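Everything below belongs to final-v9.cif, which stores mmCIF, C-alpha atoms.
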```cif
data_coords
#
loop_
_atom_site.label_atom_id
_atom_site.label_comp_id
_atom_site.auth_asym_id
_atom_site.auth_seq_id
_atom_site.Cartn_x
_atom_site.Cartn_y
_atom_site.Cartn_z
CA MET Z 1 -7.20 38.62 62.31
CA LEU Z 2 -5.69 35.60 60.59
CA ALA Z 3 -4.76 34.04 63.92
CA GLY Z 4 -8.25 34.66 65.25
CA PHE Z 5 -9.78 33.07 62.14
CA LEU Z 6 -7.59 29.97 62.50
CA LEU Z 7 -8.34 29.66 66.21
CA GLY Z 8 -12.05 29.99 65.53
CA LEU Z 9 -11.90 27.37 62.74
CA ILE Z 10 -9.97 24.91 64.91
CA GLY Z 11 -12.29 25.52 67.86
CA GLY Z 12 -15.34 25.01 65.66
CA LEU Z 13 -13.99 21.72 64.28
CA ILE Z 14 -13.16 20.45 67.76
CA TYR Z 15 -16.66 21.34 68.95
CA ALA Z 16 -18.37 19.78 65.93
CA TRP Z 17 -16.29 16.61 65.82
CA PHE Z 18 -15.66 15.83 69.49
CA LEU Z 19 -17.74 17.94 71.89
CA ASN Z 20 -21.09 17.94 70.09
CA PRO Z 21 -20.90 15.78 66.95
CA VAL Z 22 -23.90 15.25 64.69
CA LYS Z 23 -25.91 12.19 65.70
CA TRP Z 24 -27.75 10.53 62.85
CA VAL Z 25 -31.10 8.97 63.73
CA ASP Z 26 -33.77 7.35 61.58
CA VAL Z 27 -31.37 7.16 58.65
CA ALA Z 28 -32.88 5.65 55.50
CA PRO Z 29 -31.35 2.29 54.48
CA ASP Z 30 -29.91 3.76 51.28
CA ARG Z 31 -27.82 6.17 53.40
CA LEU Z 32 -26.12 3.38 55.38
CA ASN Z 33 -22.55 2.36 54.67
CA ALA Z 34 -21.85 -0.94 52.94
CA GLN Z 35 -21.33 -2.95 56.13
CA ASP Z 36 -24.51 -1.64 57.76
CA GLN Z 37 -26.46 -2.33 54.57
CA GLN Z 38 -25.33 -5.97 54.74
CA THR Z 39 -26.52 -6.11 58.35
CA TYR Z 40 -29.84 -4.63 57.23
CA ILE Z 41 -30.23 -7.28 54.49
CA LEU Z 42 -29.46 -10.04 57.00
CA LEU Z 43 -32.10 -8.68 59.40
CA VAL Z 44 -34.66 -8.56 56.58
CA SER Z 45 -33.89 -12.19 55.66
CA GLU Z 46 -34.20 -13.34 59.28
CA ALA Z 47 -37.51 -11.48 59.61
CA TYR Z 48 -38.69 -13.20 56.44
CA LEU Z 49 -38.09 -16.60 58.05
CA GLN Z 50 -40.53 -15.57 60.77
CA ASP Z 51 -43.48 -14.36 58.69
CA PHE Z 52 -42.77 -15.45 55.07
CA ASN Z 53 -44.21 -12.12 53.88
CA LEU Z 54 -42.38 -11.67 50.59
CA ALA Z 55 -44.08 -8.36 49.75
CA ARG Z 56 -42.92 -6.88 53.05
CA ALA Z 57 -39.37 -8.16 52.52
CA GLN Z 58 -39.31 -6.70 48.99
CA ALA Z 59 -40.51 -3.32 50.24
CA ARG Z 60 -37.82 -3.28 52.91
CA LEU Z 61 -35.10 -4.18 50.41
CA GLN Z 62 -36.29 -1.66 47.83
CA SER Z 63 -35.60 1.07 50.37
CA LEU Z 64 -31.91 0.38 49.71
CA GLY Z 65 -32.34 2.01 46.31
CA VAL Z 66 -30.94 -1.01 44.42
CA HIS Z 67 -32.62 -2.18 41.22
CA ASP Z 68 -31.66 -5.88 41.42
CA ILE Z 69 -32.57 -6.81 45.00
CA ALA Z 70 -32.57 -10.53 44.21
CA GLY Z 71 -29.00 -10.34 42.95
CA LEU Z 72 -27.99 -8.25 45.96
CA VAL Z 73 -29.31 -10.83 48.45
CA ALA Z 74 -27.87 -13.73 46.42
CA THR Z 75 -24.44 -12.09 46.36
CA GLN Z 76 -24.48 -11.66 50.12
CA ALA Z 77 -25.68 -15.25 50.56
CA ASP Z 78 -22.83 -16.51 48.35
CA SER Z 79 -20.25 -14.48 50.27
CA ALA Z 80 -21.54 -15.77 53.63
CA PHE Z 81 -21.58 -19.33 52.29
CA LEU Z 82 -18.00 -19.20 50.98
CA ARG Z 83 -16.73 -17.57 54.20
CA GLY Z 84 -18.33 -20.31 56.29
CA ASP Z 85 -20.53 -17.90 58.26
CA ASP Z 86 -23.12 -19.01 60.79
CA ASN Z 87 -25.41 -21.70 59.33
CA HIS Z 88 -28.59 -19.88 60.29
CA GLN Z 89 -27.47 -16.67 58.58
CA VAL Z 90 -26.51 -18.51 55.39
CA TYR Z 91 -29.84 -20.34 55.48
CA ALA Z 92 -31.88 -17.15 55.98
CA LEU Z 93 -30.12 -15.31 53.14
CA THR Z 94 -30.44 -18.32 50.84
CA VAL Z 95 -34.16 -18.78 51.49
CA LEU Z 96 -34.90 -15.11 50.81
CA ALA Z 97 -32.70 -15.05 47.69
CA GLU Z 98 -34.53 -18.08 46.27
CA ALA Z 99 -37.91 -16.54 47.10
CA LEU Z 100 -36.85 -13.46 45.13
CA GLY Z 101 -35.97 -15.65 42.13
CA ALA Z 102 -32.19 -15.92 42.49
CA GLN Z 103 -30.08 -19.09 42.60
CA PRO Z 104 -27.45 -18.67 45.36
CA LEU Z 105 -24.66 -21.21 45.74
CA ALA Z 106 -25.91 -22.44 49.12
CA ALA Z 107 -29.12 -23.65 47.46
CA ALA Z 108 -27.11 -26.76 46.58
CA VAL Z 109 -26.87 -27.48 50.32
CA PHE Z 110 -30.17 -26.11 51.55
CA SER Z 111 -32.10 -27.73 48.75
CA GLY Z 112 -35.87 -27.73 48.55
CA THR Z 113 -36.25 -24.32 50.15
CA ALA Z 114 -39.29 -23.31 48.13
CA ILE Z 115 -41.57 -21.37 50.44
CA PRO Z 116 -44.90 -19.56 50.20
CA THR Z 117 -44.81 -16.00 48.89
CA SER Z 118 -46.93 -14.84 51.81
CA MET Z 119 -48.04 -16.12 55.16
CA PRO Z 120 -51.39 -17.97 55.02
CA PRO Z 121 -54.28 -15.79 56.24
CA GLN Z 122 -55.38 -16.35 59.79
CA ALA Z 123 -58.67 -18.19 60.13
CA MET Z 124 -61.63 -16.10 61.27
CA ILE Z 125 -63.56 -17.27 64.29
CA THR Z 126 -67.37 -17.20 63.95
CA LEU Z 127 -69.35 -17.32 67.19
CA PRO Z 128 -72.49 -19.45 67.27
CA PRO Z 129 -75.84 -17.59 67.38
CA PRO Z 130 -77.31 -16.99 70.82
CA PRO Z 131 -79.88 -19.50 72.12
CA PHE Z 132 -83.47 -19.13 70.87
CA SER Z 133 -82.38 -16.77 68.12
CA THR Z 134 -85.23 -15.73 65.85
CA SER Z 135 -83.02 -14.47 63.06
CA THR Z 136 -84.04 -15.73 59.64
CA ASP Z 137 -80.77 -14.71 57.98
CA THR Z 138 -78.78 -17.48 56.43
CA PRO Z 139 -75.73 -17.94 58.63
CA ALA Z 140 -72.42 -17.31 56.94
CA PRO Z 141 -70.36 -20.46 56.48
CA THR Z 142 -67.58 -20.91 58.96
CA PRO Z 143 -64.22 -20.32 57.25
CA THR Z 144 -62.05 -23.39 56.94
CA PRO Z 145 -58.88 -22.91 59.01
CA THR Z 146 -55.80 -22.64 56.86
CA PRO Z 147 -53.06 -25.03 58.03
CA PHE Z 148 -49.82 -23.45 59.15
CA ILE Z 149 -46.96 -24.04 56.75
CA ALA Z 150 -43.84 -24.81 58.72
CA PRO Z 151 -40.53 -23.20 57.77
CA PRO Z 152 -38.48 -25.36 55.42
CA THR Z 153 -35.55 -27.38 56.66
CA PRO Z 154 -32.47 -28.46 54.75
CA ALA Z 155 -33.28 -31.53 52.69
CA VAL Z 156 -31.07 -34.49 53.50
CA PRO Z 157 -30.22 -36.52 50.39
CA ALA Z 158 -31.37 -40.10 50.36
CA VAL Z 159 -28.60 -42.18 51.90
CA ALA Z 160 -28.44 -45.54 53.58
CA ASP Z 161 -27.87 -45.87 57.31
CA LEU Z 162 -24.47 -44.54 58.24
CA ALA Z 163 -21.83 -45.91 60.53
CA LEU Z 164 -18.55 -44.59 61.84
CA ILE Z 165 -15.98 -46.34 59.65
CA SER Z 166 -12.92 -44.33 60.71
CA LEU Z 167 -11.85 -42.26 63.71
CA GLN Z 168 -8.35 -40.78 63.87
CA ALA Z 169 -6.74 -38.46 66.40
CA VAL Z 170 -4.22 -36.26 64.60
CA CYS Z 171 -1.46 -34.05 65.99
CA GLU Z 172 0.58 -32.54 63.17
CA GLU Z 173 2.27 -29.32 62.16
CA GLY Z 174 0.76 -27.16 59.48
CA ARG Z 175 -2.89 -28.00 60.17
CA ALA Z 176 -5.66 -26.59 62.31
CA ALA Z 177 -5.52 -27.87 65.89
CA GLY Z 178 -8.37 -28.75 68.22
CA ARG Z 179 -11.03 -29.46 65.61
CA ILE Z 180 -13.63 -32.15 65.11
CA GLU Z 181 -13.65 -32.83 61.36
CA VAL Z 182 -16.67 -34.75 60.06
CA TYR Z 183 -16.81 -36.38 56.61
CA VAL Z 184 -20.02 -38.03 55.36
CA TYR Z 185 -20.00 -40.24 52.24
CA ASP Z 186 -22.61 -42.23 50.34
CA GLU Z 187 -22.32 -45.74 48.87
CA MET Z 188 -20.39 -44.40 45.87
CA GLY Z 189 -17.83 -42.60 48.01
CA GLU Z 190 -19.28 -39.15 47.21
CA GLY Z 191 -19.51 -36.48 49.89
CA VAL Z 192 -23.08 -35.92 51.15
CA PRO Z 193 -24.09 -32.32 51.94
CA ALA Z 194 -26.91 -31.10 54.22
CA VAL Z 195 -26.42 -33.81 56.86
CA LYS Z 196 -27.22 -32.45 60.31
CA VAL Z 197 -24.40 -32.81 62.84
CA THR Z 198 -24.89 -32.21 66.56
CA VAL Z 199 -21.89 -31.67 68.83
CA SER Z 200 -22.54 -31.80 72.60
CA TRP Z 201 -20.38 -31.01 75.59
CA GLY Z 202 -21.49 -30.55 79.19
CA ALA Z 203 -24.86 -28.83 79.10
CA SER Z 204 -24.17 -27.21 75.72
CA GLN Z 205 -24.58 -28.27 72.13
CA GLU Z 206 -24.20 -26.85 68.63
CA VAL Z 207 -25.87 -27.90 65.39
CA PHE Z 208 -24.40 -27.45 61.92
CA PHE Z 209 -24.54 -29.10 58.50
CA THR Z 210 -22.13 -30.73 56.10
CA GLY Z 211 -21.55 -29.07 52.74
CA LEU Z 212 -20.94 -25.50 53.89
CA LYS Z 213 -17.27 -25.78 52.92
CA PRO Z 214 -17.44 -27.32 49.44
CA ASP Z 215 -13.83 -26.35 48.75
CA VAL Z 216 -12.82 -29.03 51.28
CA ASN Z 217 -15.44 -31.70 50.49
CA PRO Z 218 -19.20 -31.63 49.82
CA GLY Z 219 -19.69 -33.90 52.82
CA TYR Z 220 -17.38 -31.99 55.18
CA ALA Z 221 -18.10 -30.02 58.36
CA ASP Z 222 -15.93 -29.05 61.31
CA PHE Z 223 -16.19 -27.76 64.85
CA GLN Z 224 -13.57 -25.97 66.98
CA MET Z 225 -13.12 -27.53 70.41
CA GLU Z 226 -12.13 -25.88 73.67
CA ALA Z 227 -9.32 -27.24 75.81
CA ASP Z 228 -10.17 -29.75 78.53
CA GLN Z 229 -13.73 -30.33 77.33
CA VAL Z 230 -15.17 -33.73 76.34
CA TYR Z 231 -17.39 -33.84 73.26
CA SER Z 232 -19.80 -36.22 71.56
CA VAL Z 233 -20.85 -36.15 67.91
CA ARG Z 234 -24.19 -37.34 66.61
CA LEU Z 235 -25.70 -37.50 63.12
CA ASP Z 236 -29.45 -37.45 63.75
CA GLN Z 237 -31.09 -40.77 62.85
CA LEU Z 238 -28.09 -41.72 60.72
CA ALA Z 239 -25.48 -43.11 63.06
CA GLU Z 240 -24.72 -43.95 66.66
CA PRO Z 241 -23.19 -41.05 68.62
CA VAL Z 242 -19.43 -40.87 68.97
CA THR Z 243 -18.40 -39.98 72.52
CA GLY Z 244 -15.26 -39.25 74.47
CA LEU Z 245 -13.62 -36.76 72.07
CA SER Z 246 -11.45 -34.79 74.45
CA GLY Z 247 -9.89 -31.40 73.75
CA SER Z 248 -6.50 -32.65 74.94
CA ALA Z 249 -3.08 -31.16 74.48
CA CYS Z 250 -0.57 -33.05 72.37
CA THR Z 251 2.98 -32.77 71.05
CA THR Z 252 3.68 -32.81 67.32
CA PRO Z 253 6.47 -34.95 65.83
CA ALA Z 254 8.61 -31.80 65.74
CA GLY Z 255 8.12 -31.30 69.48
CA GLN Z 256 5.66 -28.40 69.30
CA SER Z 257 2.71 -28.11 71.67
CA SER Z 258 -0.65 -28.46 69.97
CA MET Z 259 -4.15 -29.86 70.48
CA LEU Z 260 -5.65 -33.06 69.13
CA THR Z 261 -7.80 -32.90 66.01
CA TYR Z 262 -10.28 -35.73 65.38
CA GLN Z 263 -11.23 -36.95 61.91
CA LEU Z 264 -14.54 -38.83 61.81
CA ILE Z 265 -15.64 -40.56 58.61
CA PHE Z 266 -19.26 -41.72 58.29
CA ALA Z 267 -20.48 -43.89 55.43
CA PRO Z 268 -22.83 -46.83 54.81
CA PRO Z 269 -21.53 -50.02 56.47
CA SER Z 270 -20.97 -51.55 53.03
CA VAL Z 271 -18.17 -49.03 52.41
CA GLN Z 272 -15.07 -50.51 53.94
CA THR Z 273 -12.37 -47.84 53.70
CA LEU Z 274 -12.31 -44.17 52.85
CA THR Z 275 -9.92 -41.32 53.53
CA PRO Z 276 -10.80 -37.62 53.80
CA GLU Z 277 -9.04 -36.99 50.48
CA GLU Z 278 -11.39 -39.39 48.72
#
```

Go ahead and render the structure in this file as structure tokens.
Amino acid sequence: MLAGFLLGLIGGLIYAWFLNPVKWVDVAPDRLNAQDQQTYILLVSEAYLQDFNLARAQARLQSLGVHDIAGLVATQADSAFLRGDDNHQVYALTVLAEALGAQPLAAAVFSGTAIPTSMPPQAMITLPPPPFSTSTDTPAPTPTPTPFIAPPTPAVPAVADLALISLQAVCEEGRAAGRIEVYVYDEMGEGVPAVKVTVSWGASQEVFFTGLKPDVNPGYADFQMEADQVYSVRLDQLAEPVTGLSGSACTTPAGQSSMLTYQLIFAPPSVQTLTPEE
């Protein structure tokens, strides 16, 4: 009897765990694990960038069963910012956190992200009366169309025209290889965050912003190159593009194989010399 009980228990576990496990569907957000809840919050923030419906976003977040939803979104925005996650994700989380009344760290980069608490109502269309109408009713006034409010963009601090004042190809031990490292400074030698950087290669391009790695420098941004590709770097409306940055192999002073890293320093032409450490 004991052997039969054990065999039945083992067979039941194998059936329940492997052959026909329980499949959860339509699970409420508060039943998700921590990682899936973070994914849910990110999806809510990205949806908010599309419709700017704060009431809808709040209702979706309240389904997580958390009292301080503003603090929850701000904490996730801070973590994504400090990890150097995708710019769009950091931006979406930051915008929603600010709309909820929080002050996430990335607000220092994506400044001026105040947005409407709800999407403007769509204008109604009133058809003209038919010809020879005998109606004596006073026609209702035609509603004034409400202008569309465009999504906010990162605010670029006021800075004079920039120029490339230094370009160095580096091949050293103990540092990341194959990167394009961009530093942007103002007239006072201070790093400038929220400057849009576009890197292009072949038919592809990627856009990112300075300031997302404040532990390095407020005006710093980087991009990881691929081997045997040729890249160009452009700061929109701030400087001439820098071309011909090749993902080439190199040999360090110690004889190790590596890949070139480029350091580009942009600043107003009046600034003569700067180093990344400054």

message: Using Å and a single decimal, report how far CA of Ala177 (chain Z) sits from CA of Gln89 (chain Z).
response: 25.7 Å

field: Selection result for the PyMOL selection byres ((chain Z and resi 66-70) around 7) on this file, as a list in words
entry: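 Here the PyMOL selection byres ((chain Z and resi 66-70) around 7) matches Leu61, Gln62, Leu64, Gly65, Gly71, Leu72, Val73, Ala74, Ala97, Leu100, Gly101 and Ala102 of chain Z.
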
- line: One residue among Z:Glu173, Z:Asp30, Z:Asp78, Z:Glu206 is nearest to Pro253 (chain Z) when using all atoms listed in the file, and that residue is Z:Glu173

- request: Could you list the residues chosen by the PyMOL selection byres ((chain Z and resi 42) around 12) in this structure as a ChimeraX atom specification?
  value: /Z:35-41,43-49,57,60-61,72-77,80,85-86,88-97

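A straight line drawn from CA of Cys250 (chain Z) to CA of Thr198 (chain Z) is 25.0 Å long.
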
message: Suppose a student applies the PyMOL selection byres ((chain Z and resi 231-233) around 7) to this structure; what residues should they get, written as JSON, numbers by chain?
response: {"Z": [198, 199, 200, 201, 229, 230, 234, 235, 241, 242, 243, 244, 245, 246]}

query: Around (-12.1, -39.2, 63.2) in the file's own coordinates, what residues are found within 10 Å if you use all atoms listed in the file, given back as a PyMOL selection string?
result: chain Z and resi 164-170+180-183+242+245+261-266+276

- request: Quick one: pull the distance between CA of Val271 (chain Z) and CA of Asp186 (chain Z), Å, one decimal.
  value: 8.4 Å

field: 7 Å contact set for Ala163 (chain Z), only C-alpha atoms, chain neighbours under 2 positions out, as a list in words
entry: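 Close residues of Ala163 (chain Z): Asp161, Ile165, Ala239, Phe266, Ala267, Pro268 and Pro269 of chain Z.
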
- line: One residue among Z:Pro218, Z:Phe209, Z:Gln256, Z:Gly202 is nearest to Glu190 (chain Z) when using all atoms listed in the file, and that residue is Z:Pro218
